[in-house]
file final14.cif (mmCIF, C-alpha atoms)
data_coords
loop_
_atom_site.group_PDB
_atom_site.id
_atom_site.type_symbol
_atom_site.label_atom_id
_atom_site.label_comp_id
_atom_site.auth_asym_id
_atom_site.auth_seq_id
_atom_site.Cartn_x
_atom_site.Cartn_y
_atom_site.Cartn_z
ATOM 1 C CA MET P 17 106.026 -95.553 -31.113
ATOM 2 C CA PHE P 18 106.267 -98.040 -33.952
ATOM 3 C CA GLU P 19 108.293 -96.917 -36.934
ATOM 4 C CA ILE P 20 109.510 -99.034 -39.830
ATOM 5 C CA ASP P 21 113.276 -99.337 -40.009
ATOM 6 C CA PRO P 22 114.337 -97.346 -43.099
ATOM 7 C CA ALA P 23 116.331 -100.378 -44.293
ATOM 8 C CA PHE P 24 113.033 -101.963 -45.413
ATOM 9 C CA LEU P 25 112.069 -98.947 -47.491
ATOM 10 C CA ALA P 26 115.073 -99.361 -49.771
ATOM 11 C CA THR P 27 114.508 -103.038 -50.520
ATOM 12 C CA SER P 28 110.748 -103.526 -50.656
ATOM 13 C CA GLU P 29 107.406 -102.057 -51.680
ATOM 14 C CA PRO P 30 104.491 -101.468 -49.302
ATOM 15 C CA LEU P 31 101.478 -103.788 -49.640
ATOM 16 C CA GLY P 32 99.389 -102.532 -46.734
ATOM 17 C CA GLU P 33 98.361 -103.199 -43.161
ATOM 18 C CA LEU P 34 97.196 -106.563 -41.816
ATOM 19 C CA SER P 35 95.737 -106.781 -38.320
ATOM 20 C CA LEU P 36 99.184 -107.131 -36.721
ATOM 21 C CA CYS P 37 101.756 -106.550 -39.442
ATOM 22 C CA HIS P 38 102.795 -104.050 -42.020
ATOM 23 C CA ALA P 39 103.256 -106.135 -45.207
ATOM 24 C CA ARG P 40 105.817 -105.449 -47.934
ATOM 25 C CA LEU P 41 106.834 -107.081 -51.220
ATOM 26 C CA GLN P 42 110.565 -107.701 -51.404
ATOM 27 C CA ALA P 43 111.852 -105.975 -54.542
ATOM 28 C CA ASP P 44 113.555 -109.028 -56.035
ATOM 29 C CA ALA P 45 111.955 -110.343 -59.209
ATOM 30 C CA ARG P 46 113.642 -113.730 -58.791
ATOM 31 C CA TYR P 47 111.529 -114.776 -55.798
ATOM 32 C CA PRO P 48 107.910 -114.156 -54.769
ATOM 33 C CA TRP P 49 108.692 -112.763 -51.335
ATOM 34 C CA ILE P 50 106.654 -110.973 -48.680
ATOM 35 C CA VAL P 51 108.043 -109.385 -45.516
ATOM 36 C CA LEU P 52 105.780 -109.002 -42.476
ATOM 37 C CA ILE P 53 106.703 -106.433 -39.815
ATOM 38 C CA PRO P 54 104.622 -106.584 -36.611
ATOM 39 C CA ARG P 55 103.601 -103.065 -35.596
ATOM 40 C CA ILE P 56 104.971 -103.526 -32.068
ATOM 41 C CA ALA P 57 107.439 -100.848 -31.005
ATOM 42 C CA GLY P 58 110.790 -102.239 -29.941
ATOM 43 C CA ALA P 59 110.096 -105.882 -30.857
ATOM 44 C CA ARG P 60 113.230 -107.758 -31.953
ATOM 45 C CA GLU P 61 112.484 -111.388 -31.192
ATOM 46 C CA LEU P 62 109.365 -113.570 -31.452
ATOM 47 C CA GLU P 63 109.443 -113.799 -27.636
ATOM 48 C CA ASP P 64 108.737 -110.050 -27.511
ATOM 49 C CA LEU P 65 105.196 -110.716 -28.786
ATOM 50 C CA SER P 66 102.268 -111.731 -26.586
ATOM 51 C CA ALA P 67 100.630 -115.100 -27.237
ATOM 52 C CA PRO P 68 97.671 -113.456 -29.050
ATOM 53 C CA ASP P 69 100.097 -111.457 -31.205
ATOM 54 C CA LEU P 70 102.077 -114.625 -31.994
ATOM 55 C CA ALA P 71 98.817 -116.286 -33.059
ATOM 56 C CA ALA P 72 97.985 -113.299 -35.259
ATOM 57 C CA LEU P 73 101.481 -113.387 -36.718
ATOM 58 C CA MET P 74 101.150 -117.070 -37.613
ATOM 59 C CA ALA P 75 97.783 -116.433 -39.289
ATOM 60 C CA GLU P 76 99.397 -113.634 -41.300
ATOM 61 C CA VAL P 77 102.373 -115.860 -42.197
ATOM 62 C CA VAL P 78 99.950 -118.481 -43.541
ATOM 63 C CA ALA P 79 98.097 -115.768 -45.500
ATOM 64 C CA ALA P 80 101.403 -114.448 -46.838
ATOM 65 C CA GLY P 81 102.247 -117.960 -48.036
ATOM 66 C CA ARG P 82 99.019 -118.000 -50.051
ATOM 67 C CA ALA P 83 99.802 -114.528 -51.391
ATOM 68 C CA VAL P 84 103.324 -115.554 -52.373
ATOM 69 C CA ARG P 85 101.820 -118.446 -54.335
ATOM 70 C CA ALA P 86 99.455 -116.013 -56.044
ATOM 71 C CA ILE P 87 102.307 -113.894 -57.396
ATOM 72 C CA GLY P 88 103.615 -116.262 -60.045
ATOM 73 C CA PRO P 89 104.471 -119.750 -61.263
ATOM 74 C CA PRO P 90 103.997 -122.666 -58.838
ATOM 75 C CA VAL P 91 106.132 -122.590 -55.720
ATOM 76 C CA GLU P 92 107.735 -125.810 -54.509
ATOM 77 C CA LYS P 93 108.412 -124.798 -50.917
ATOM 78 C CA LEU P 94 107.790 -121.853 -48.664
ATOM 79 C CA ASN P 95 110.698 -120.536 -46.633
ATOM 80 C CA VAL P 96 109.625 -118.681 -43.494
ATOM 81 C CA ALA P 97 112.235 -116.976 -41.355
ATOM 82 C CA ALA P 98 112.749 -114.385 -38.634
ATOM 83 C CA LEU P 99 116.461 -113.559 -38.827
ATOM 84 C CA GLY P 100 117.310 -109.922 -38.174
ATOM 85 C CA ASN P 101 121.084 -110.145 -37.893
ATOM 86 C CA VAL P 102 121.410 -107.081 -40.112
ATOM 87 C CA THR P 103 118.102 -105.298 -39.396
ATOM 88 C CA PRO P 104 117.050 -106.329 -35.899
ATOM 89 C CA GLN P 105 113.502 -104.898 -35.980
ATOM 90 C CA LEU P 106 111.303 -108.013 -35.801
ATOM 91 C CA HIS P 107 110.227 -109.108 -39.266
ATOM 92 C CA VAL P 108 109.310 -112.384 -40.909
ATOM 93 C CA HIS P 109 110.265 -113.353 -44.452
ATOM 94 C CA VAL P 110 107.855 -115.543 -46.426
ATOM 95 C CA VAL P 111 109.609 -116.598 -49.623
ATOM 96 C CA GLY P 112 108.338 -118.864 -52.373
ATOM 97 C CA ARG P 113 111.085 -121.195 -53.532
ATOM 98 C CA ARG P 114 111.336 -123.123 -56.784
ATOM 99 C CA ALA P 115 113.764 -125.905 -57.639
ATOM 100 C CA GLY P 116 116.292 -124.191 -59.867
ATOM 101 C CA ASP P 117 115.861 -120.670 -58.522
ATOM 102 C CA PRO P 118 119.215 -118.884 -58.145
ATOM 103 C CA ALA P 119 119.819 -119.820 -54.505
ATOM 104 C CA TRP P 120 118.105 -123.249 -54.547
ATOM 105 C CA PRO P 121 118.315 -125.264 -52.305
ATOM 106 C CA GLY P 122 120.253 -122.846 -50.100
ATOM 107 C CA PRO P 123 118.796 -119.807 -48.344
ATOM 108 C CA VAL P 124 118.078 -116.611 -50.281
ATOM 109 C CA TRP P 125 119.495 -114.226 -47.682
ATOM 110 C CA GLY P 126 122.948 -113.008 -48.591
ATOM 111 C CA HIS P 127 123.081 -115.219 -51.679
ATOM 112 C CA SER P 128 123.321 -112.594 -54.393
ATOM 113 C CA LEU P 129 122.156 -109.129 -55.357
ATOM 114 C CA ALA P 130 118.451 -108.614 -55.880
ATOM 115 C CA GLU P 131 117.169 -108.380 -59.433
ATOM 116 C CA PRO P 132 114.809 -105.407 -59.700
ATOM 117 C CA TYR P 133 111.313 -105.918 -61.078
ATOM 118 C CA ALA P 134 110.449 -104.201 -64.335
ATOM 119 C CA ALA P 135 107.858 -101.508 -63.567
ATOM 120 C CA ASP P 136 104.890 -103.406 -65.030
ATOM 121 C CA ALA P 137 105.954 -106.691 -63.435
ATOM 122 C CA LEU P 138 106.249 -104.931 -60.078
ATOM 123 C CA ALA P 139 102.739 -103.517 -60.392
ATOM 124 C CA THR P 140 101.432 -106.986 -61.289
ATOM 125 C CA ALA P 141 103.216 -108.646 -58.370
ATOM 126 C CA VAL P 142 102.053 -105.974 -55.898
ATOM 127 C CA GLY P 143 98.466 -106.348 -57.134
ATOM 128 C CA ARG P 144 98.519 -110.151 -56.851
ATOM 129 C CA ALA P 145 100.167 -110.029 -53.414
ATOM 130 C CA LYS P 146 97.596 -107.524 -52.145
ATOM 131 C CA ARG P 147 94.712 -109.628 -53.417
ATOM 132 C CA GLY P 148 96.291 -112.732 -51.902
ATOM 133 C CA LEU P 149 96.451 -110.930 -48.545
ATOM 134 C CA GLY P 150 92.908 -109.597 -48.876
ATOM 135 C CA LEU P 151 94.174 -106.005 -49.096
ATOM 136 C CA MET K 10 102.013 -142.278 -38.898
ATOM 137 C CA PHE K 11 104.588 -139.692 -37.861
ATOM 138 C CA GLU K 12 108.191 -140.717 -38.386
ATOM 139 C CA ILE K 13 111.274 -138.516 -38.196
ATOM 140 C CA ASP K 14 113.058 -138.107 -41.512
ATOM 141 C CA PRO K 15 116.352 -140.025 -41.160
ATOM 142 C CA ALA K 16 118.211 -136.925 -42.391
ATOM 143 C CA PHE K 17 117.753 -135.401 -38.920
ATOM 144 C CA LEU K 18 119.294 -138.408 -37.185
ATOM 145 C CA ALA K 19 122.633 -137.864 -38.913
ATOM 146 C CA THR K 20 122.973 -134.192 -38.009
ATOM 147 C CA SER K 21 121.448 -133.797 -34.548
ATOM 148 C CA GLU K 22 120.957 -135.355 -31.125
ATOM 149 C CA PRO K 23 117.561 -136.059 -29.539
ATOM 150 C CA LEU K 24 116.507 -133.816 -26.646
ATOM 151 C CA GLY K 25 113.018 -135.183 -26.026
ATOM 152 C CA GLU K 26 109.328 -134.602 -26.651
ATOM 153 C CA LEU K 27 107.530 -131.313 -26.127
ATOM 154 C CA SER K 28 103.751 -131.175 -26.324
ATOM 155 C CA LEU K 29 103.792 -130.764 -30.129
ATOM 156 C CA CYS K 30 107.368 -131.220 -31.286
ATOM 157 C CA HIS K 31 110.204 -133.659 -31.126
ATOM 158 C CA ALA K 32 113.212 -131.510 -30.118
ATOM 159 C CA ARG K 33 116.800 -132.073 -31.265
ATOM 160 C CA LEU K 34 120.148 -130.353 -30.728
ATOM 161 C CA GLN K 35 121.922 -129.630 -34.004
ATOM 162 C CA ALA K 36 125.353 -131.263 -33.833
ATOM 163 C CA ASP K 37 127.354 -128.143 -34.667
ATOM 164 C CA ALA K 38 129.487 -126.807 -31.826
ATOM 165 C CA ARG K 39 129.744 -123.379 -33.477
ATOM 166 C CA TYR K 40 126.105 -122.443 -32.856
ATOM 167 C CA PRO K 41 123.638 -123.187 -30.040
ATOM 168 C CA TRP K 42 120.898 -124.624 -32.258
ATOM 169 C CA ILE K 43 117.684 -126.515 -31.602
ATOM 170 C CA VAL K 44 115.479 -128.117 -34.251
ATOM 171 C CA LEU K 45 111.768 -128.601 -33.534
ATOM 172 C CA ILE K 46 109.848 -131.194 -35.569
ATOM 173 C CA PRO K 47 106.063 -131.165 -35.074
ATOM 174 C CA ARG K 48 104.801 -134.720 -34.646
ATOM 175 C CA ILE K 49 102.205 -134.279 -37.409
ATOM 176 C CA ALA K 50 102.382 -136.920 -40.127
ATOM 177 C CA GLY K 51 102.828 -135.469 -43.594
ATOM 178 C CA ALA K 52 103.254 -131.820 -42.513
ATOM 179 C CA ARG K 53 105.547 -129.838 -44.835
ATOM 180 C CA GLU K 54 104.434 -126.246 -44.426
ATOM 181 C CA LEU K 55 103.246 -124.149 -41.471
ATOM 182 C CA GLU K 56 99.849 -123.969 -43.172
ATOM 183 C CA ASP K 57 99.539 -127.756 -42.663
ATOM 184 C CA LEU K 58 99.131 -127.166 -38.917
ATOM 185 C CA SER K 59 95.850 -126.271 -37.200
ATOM 186 C CA ALA K 60 95.633 -122.924 -35.387
ATOM 187 C CA PRO K 61 96.046 -124.623 -31.963
ATOM 188 C CA ASP K 62 99.087 -126.517 -33.242
ATOM 189 C CA LEU K 63 100.563 -123.268 -34.634
ATOM 190 C CA ALA K 64 100.079 -121.685 -31.211
ATOM 191 C CA ALA K 65 101.788 -124.667 -29.562
ATOM 192 C CA LEU K 66 104.607 -124.447 -32.085
ATOM 193 C CA MET K 67 105.167 -120.765 -31.330
ATOM 194 C CA ALA K 68 105.244 -121.455 -27.573
ATOM 195 C CA GLU K 69 107.823 -124.171 -28.212
ATOM 196 C CA VAL K 70 109.857 -121.856 -30.472
ATOM 197 C CA VAL K 71 109.962 -119.274 -27.661
ATOM 198 C CA ALA K 72 110.990 -122.010 -25.191
ATOM 199 C CA ALA K 73 113.663 -123.214 -27.608
ATOM 200 C CA GLY K 74 115.019 -119.666 -27.787
ATOM 201 C CA ARG K 75 115.426 -119.678 -24.008
ATOM 202 C CA ALA K 76 117.063 -123.107 -24.185
ATOM 203 C CA VAL K 77 119.450 -121.954 -26.923
ATOM 204 C CA ARG K 78 120.498 -119.075 -24.666
ATOM 205 C CA ALA K 79 121.073 -121.547 -21.820
ATOM 206 C CA ILE K 80 123.588 -123.555 -23.860
ATOM 207 C CA GLY K 81 126.471 -121.111 -23.839
ATOM 208 C CA PRO K 82 127.847 -117.578 -24.026
ATOM 209 C CA PRO K 83 125.383 -114.723 -24.601
ATOM 210 C CA VAL K 84 123.487 -114.771 -27.886
ATOM 211 C CA GLU K 85 123.004 -111.534 -29.798
ATOM 212 C CA LYS K 86 120.085 -112.583 -31.987
ATOM 213 C CA LEU K 87 117.863 -115.601 -32.447
ATOM 214 C CA ASN K 88 117.343 -116.880 -35.974
ATOM 215 C CA VAL K 89 114.098 -118.810 -36.399
ATOM 216 C CA ALA K 90 113.344 -120.493 -39.712
ATOM 217 C CA ALA K 91 111.181 -123.119 -41.385
ATOM 218 C CA LEU K 92 112.968 -123.823 -44.670
ATOM 219 C CA GLY K 93 112.858 -127.463 -45.779
ATOM 220 C CA ASN K 94 114.232 -127.123 -49.298
ATOM 221 C CA VAL K 95 116.456 -130.152 -48.694
ATOM 222 C CA THR K 96 114.432 -132.040 -46.052
ATOM 223 C CA PRO K 97 110.785 -131.092 -46.596
ATOM 224 C CA GLN K 98 109.371 -132.611 -43.388
ATOM 225 C CA LEU K 99 108.165 -129.566 -41.424
ATOM 226 C CA HIS K 100 110.801 -128.450 -38.933
ATOM 227 C CA VAL K 101 111.795 -125.162 -37.339
ATOM 228 C CA HIS K 102 115.367 -124.113 -36.651
ATOM 229 C CA VAL K 103 116.051 -121.952 -33.586
ATOM 230 C CA VAL K 104 119.664 -120.790 -33.760
ATOM 231 C CA GLY K 105 121.538 -118.528 -31.378
ATOM 232 C CA ARG K 106 123.704 -116.089 -33.313
ATOM 233 C CA ARG K 107 126.681 -114.094 -32.104
ATOM 234 C CA ALA K 108 128.451 -111.239 -33.887
ATOM 235 C CA GLY K 109 131.593 -112.844 -35.215
ATOM 236 C CA ASP K 110 130.288 -116.402 -35.462
ATOM 237 C CA PRO K 111 131.441 -118.092 -38.690
ATOM 238 C CA ALA K 112 128.391 -117.196 -40.787
ATOM 239 C CA TRP K 113 127.622 -113.801 -39.173
ATOM 240 C CA PRO K 114 125.624 -111.866 -40.306
ATOM 241 C CA GLY K 115 124.536 -114.263 -43.043
ATOM 242 C CA PRO K 116 122.400 -117.357 -42.545
ATOM 243 C CA VAL K 117 123.933 -120.531 -41.096
ATOM 244 C CA TRP K 118 122.261 -122.921 -43.550
ATOM 245 C CA GLY K 119 124.612 -124.042 -46.284
ATOM 246 C CA HIS K 120 127.397 -121.773 -45.033
ATOM 247 C CA SER K 121 130.032 -124.348 -44.112
ATOM 248 C CA LEU K 122 130.474 -127.828 -42.708
ATOM 249 C CA ALA K 123 129.351 -128.444 -39.151
ATOM 250 C CA GLU K 124 131.994 -128.636 -36.455
ATOM 251 C CA PRO K 125 131.286 -131.674 -34.277
ATOM 252 C CA TYR K 126 131.014 -131.227 -30.508
ATOM 253 C CA ALA K 127 133.628 -132.908 -28.350
ATOM 254 C CA ALA K 128 131.894 -135.691 -26.383
ATOM 255 C CA ASP K 129 131.857 -133.839 -23.064
ATOM 256 C CA ALA K 130 130.794 -130.542 -24.645
ATOM 257 C CA LEU K 131 127.944 -132.373 -26.390
ATOM 258 C CA ALA K 132 126.743 -133.873 -23.120
ATOM 259 C CA THR K 133 126.898 -130.424 -21.486
ATOM 260 C CA ALA K 134 124.991 -128.768 -24.341
ATOM 261 C CA VAL K 135 122.331 -131.503 -24.397
ATOM 262 C CA GLY K 136 121.900 -131.229 -20.624
ATOM 263 C CA ARG K 137 121.550 -127.433 -20.734
ATOM 264 C CA ALA K 138 119.176 -127.552 -23.710
ATOM 265 C CA LYS K 139 116.989 -130.150 -21.986
ATOM 266 C CA ARG K 140 116.812 -128.116 -18.787
ATOM 267 C CA GLY K 141 116.054 -124.995 -20.817
ATOM 268 C CA LEU K 142 113.166 -126.835 -22.464
ATOM 269 C CA GLY K 143 111.951 -128.257 -19.155
ATOM 270 C CA LEU K 144 112.770 -131.809 -20.274
#

call {"tool": "encode", "arguments": {"input": "final14.cif", "output": "C-alpha cells"}}
result
Amino acid sequence: MFEIDPAFLATSEPLGELSLCHARLQADARYPWIVLIPRIAGARELEDLSAPDLAALMAEVVAAGRAVRAIGPPVEKLNVAALGNVTPQLHVHVVGRRAGDPAWPGPVWGHSLAEPYAADALATAVGRAKRGLGL
Amino acid sequence: MFEIDPAFLATSEPLGELSLCHARLQADARYPWIVLIPRIAGARELEDLSAPDLAALMAEVVAAGRAVRAIGPPVEKLNVAALGNVTPQLHVHVVGRRAGDPAWPGPVWGHSLAEPYAADALATAVGRAKRGLGL
C-alpha cells in the first residue's frame, strides 16, 4: 500500500493529487519548489515505474514547472531532480531558480536551512501552486 | 542546428549516440556518472521536448541507470537531475551514489573538484558504460 514517507510531512505542505503523483509545496520561502511523489508503493528509482507511469510523471513534472513559475517572481531556470539519498521513496523535486538566490548556481539540496514561509505568504504560494497544477 | 556546449567537452568523455541523446561519461572517477544531452537545438528545459521525446528521454535515463551500475561496485541510489544553472543546454545527469562516497548524502554538483580517471580505468569505465547503453 502506498504511504507517504513521514519525512515529507515535516518539510512540505500538501497541494493535492495529480493523476500519478501526490504534490507538495516545499516549505522554503526562498525557492518556489514543488515535490511530486508517485503513488506507487515501494518505488525508489525511476526504473521502478512502467513506461506509461514515466510518461505521466514527465507530464506532471512539466505541469509542476508551470506551477513553480506561477508562485512568484520570474524564474531563470528549473531544476528537476530525483535524488533520494536521504529519503529513498521515489520523489521528484521541481525547483524554480533565480540568479542570486541563496544557493545559486549550486544545488539547493543540503545548501542551508529552509526559511519558513510567513502564514499569509504560504497560503498565497499554496493557492498559486494549486492553480498552476489545475488543482 | 544542434551543437554540444563546449563546457561538456572539458568535463566528460563521449560514449555515443542514443536515439534521442548524445551520451557522455563524466570524467570523475569517484562516481559512475553519465550525462545525456538530447539532440534538440535550443532545448533548455524538459518542457522544450515533445511528449514522444520526453518518453525517449526517460527510456534513455533508465538505460543510463543500468549502465551506471555496470561501471563499478554496487550503487545504493541513482541520482537523476536536469539542473543547468551553469550550462543551460538541456542535459540530464544520471549518477550512481554509494553510502560513503565523498558527497554522500548530499548532491555531487558543486561539492568538490573532480578526480580524474587513470587512463586504463577511464577506458574500462567507457567500455562498460557503452555496453550498458547498448552502444

call {"tool": "interface_residues", "arguments": {"input": "final14.cif", "of": "chain K", "to": "chain P", "cutoff": "6 Å", "atoms": "all atoms listed in the file", "output": "PyMOL selection string"}}
result
chain K and resi 56+64+71+88-92+94+114-115+119

call {"tool": "residues_around", "arguments": {"input": "final14.cif", "residues": "Arg55 (chain P)", "least_positions_apart": "6", "cutoff": "9 Å", "atoms": "only C-alpha atoms", "output": "list in words"}}
result
Phe18, Glu19, Ile20, Leu36, Cys37 and His38 of chain P

call {"tool": "closest_residue", "arguments": {"input": "final14.cif", "among": "P:Ile50, P:Ala119, P:Leu31, P:Leu106", "to": "Lys146 (chain P)", "atoms": "all atoms listed in the file"}}
result
P:Leu31

call {"tool": "atom_distance", "arguments": {"input": "final14.cif", "atom1": "CA of Gly51 (chain K)", "atom2": "CA of Gly116 (chain P)"}}
result
23.9 Å

call {"tool": "resolve_selection", "arguments": {"input": "final14.cif", "expression": "the PyMOL selection byres ((chain P and resi 144) around 12)", "output": "PyMOL selection string"}}
result
chain P and resi 31+41+48-50+80+82-88+137-143+145-151

call {"tool": "atom_distance", "arguments": {"input": "final14.cif", "atom1": "CA of Met10 (chain K)", "atom2": "CA of Val44 (chain K)"}}
result
20.1 Å

call {"tool": "closest_residue", "arguments": {"input": "final14.cif", "among": "K:Leu45, K:Leu122, K:Val84, K:Ala128", "to": "His100 (chain K)", "atoms": "all atoms listed in the file"}}
result
K:Leu45

call {"tool": "resolve_selection", "arguments": {"input": "final14.cif", "expression": "the PyMOL selection byres ((chain K and resi 17) around 10)", "output": "PyMOL selection string"}}
result
chain K and resi 13-16+18-23+33-35+44+46+96+98+100

call {"tool": "axis_aligned_box", "arguments": {"input": "final14.cif", "around": "region 100-119 of chain K", "padding_each_side": "6 Å", "output": "AutoDock Vina command-line options"}}
result
--center_x 121.2 --center_y -119.8 --center_z -38.8 --size_x 32.8 --size_y 29.2 --size_z 26.9

call {"tool": "atom_distance", "arguments": {"input": "final14.cif", "atom1": "CA of Asp117 (chain P)", "atom2": "CA of Tyr47 (chain P)"}}
result
7.8 Å

call {"tool": "closest_residue", "arguments": {"input": "final14.cif", "among": "K:Ala38, K:Ala32, K:Ile49, K:Leu27", "to": "Tyr126 (chain K)", "atoms": "all atoms listed in the file"}}
result
K:Ala38

call {"tool": "decode", "arguments": {"input": "final14.cif", "residues": "region 90-116 of chain K", "atoms": "C-alpha atoms", "output": "CSV table (one decimal), in the first residue's frame"}}
result
chain,number,residue,atom,x,y,z
K,90,ALA,CA,18.8,15.6,-12.4
K,91,ALA,CA,18.3,18.2,-15.0
K,92,LEU,CA,19.8,21.4,-13.5
K,93,GLY,CA,21.6,23.6,-16.0
K,94,ASN,CA,22.2,26.7,-13.8
K,95,VAL,CA,25.8,26.9,-15.1
K,96,THR,CA,25.4,25.2,-18.6
K,97,PRO,CA,21.8,25.8,-19.6
K,98,GLN,CA,21.8,23.4,-22.6
K,99,LEU,CA,19.3,20.7,-21.6
K,100,HIS,CA,21.1,17.7,-20.1
K,101,VAL,CA,20.3,15.0,-17.6
K,102,HIS,CA,22.8,13.7,-15.1
K,103,VAL,CA,22.5,10.0,-14.0
K,104,VAL,CA,24.8,9.4,-11.1
K,105,GLY,CA,25.4,6.3,-9.1
K,106,ARG,CA,25.7,7.1,-5.4
K,107,ARG,CA,27.2,5.0,-2.7
K,108,ALA,CA,26.9,5.5,1.1
K,109,GLY,CA,30.3,7.0,2.0
K,110,ASP,CA,31.1,8.5,-1.4
K,111,PRO,CA,32.7,12.0,-1.0
K,112,ALA,CA,29.4,13.9,-1.3
K,113,TRP,CA,27.1,11.4,0.4
K,114,PRO,CA,24.3,12.0,1.2
K,115,GLY,CA,24.4,15.5,-0.4
K,116,PRO,CA,24.4,16.3,-4.1
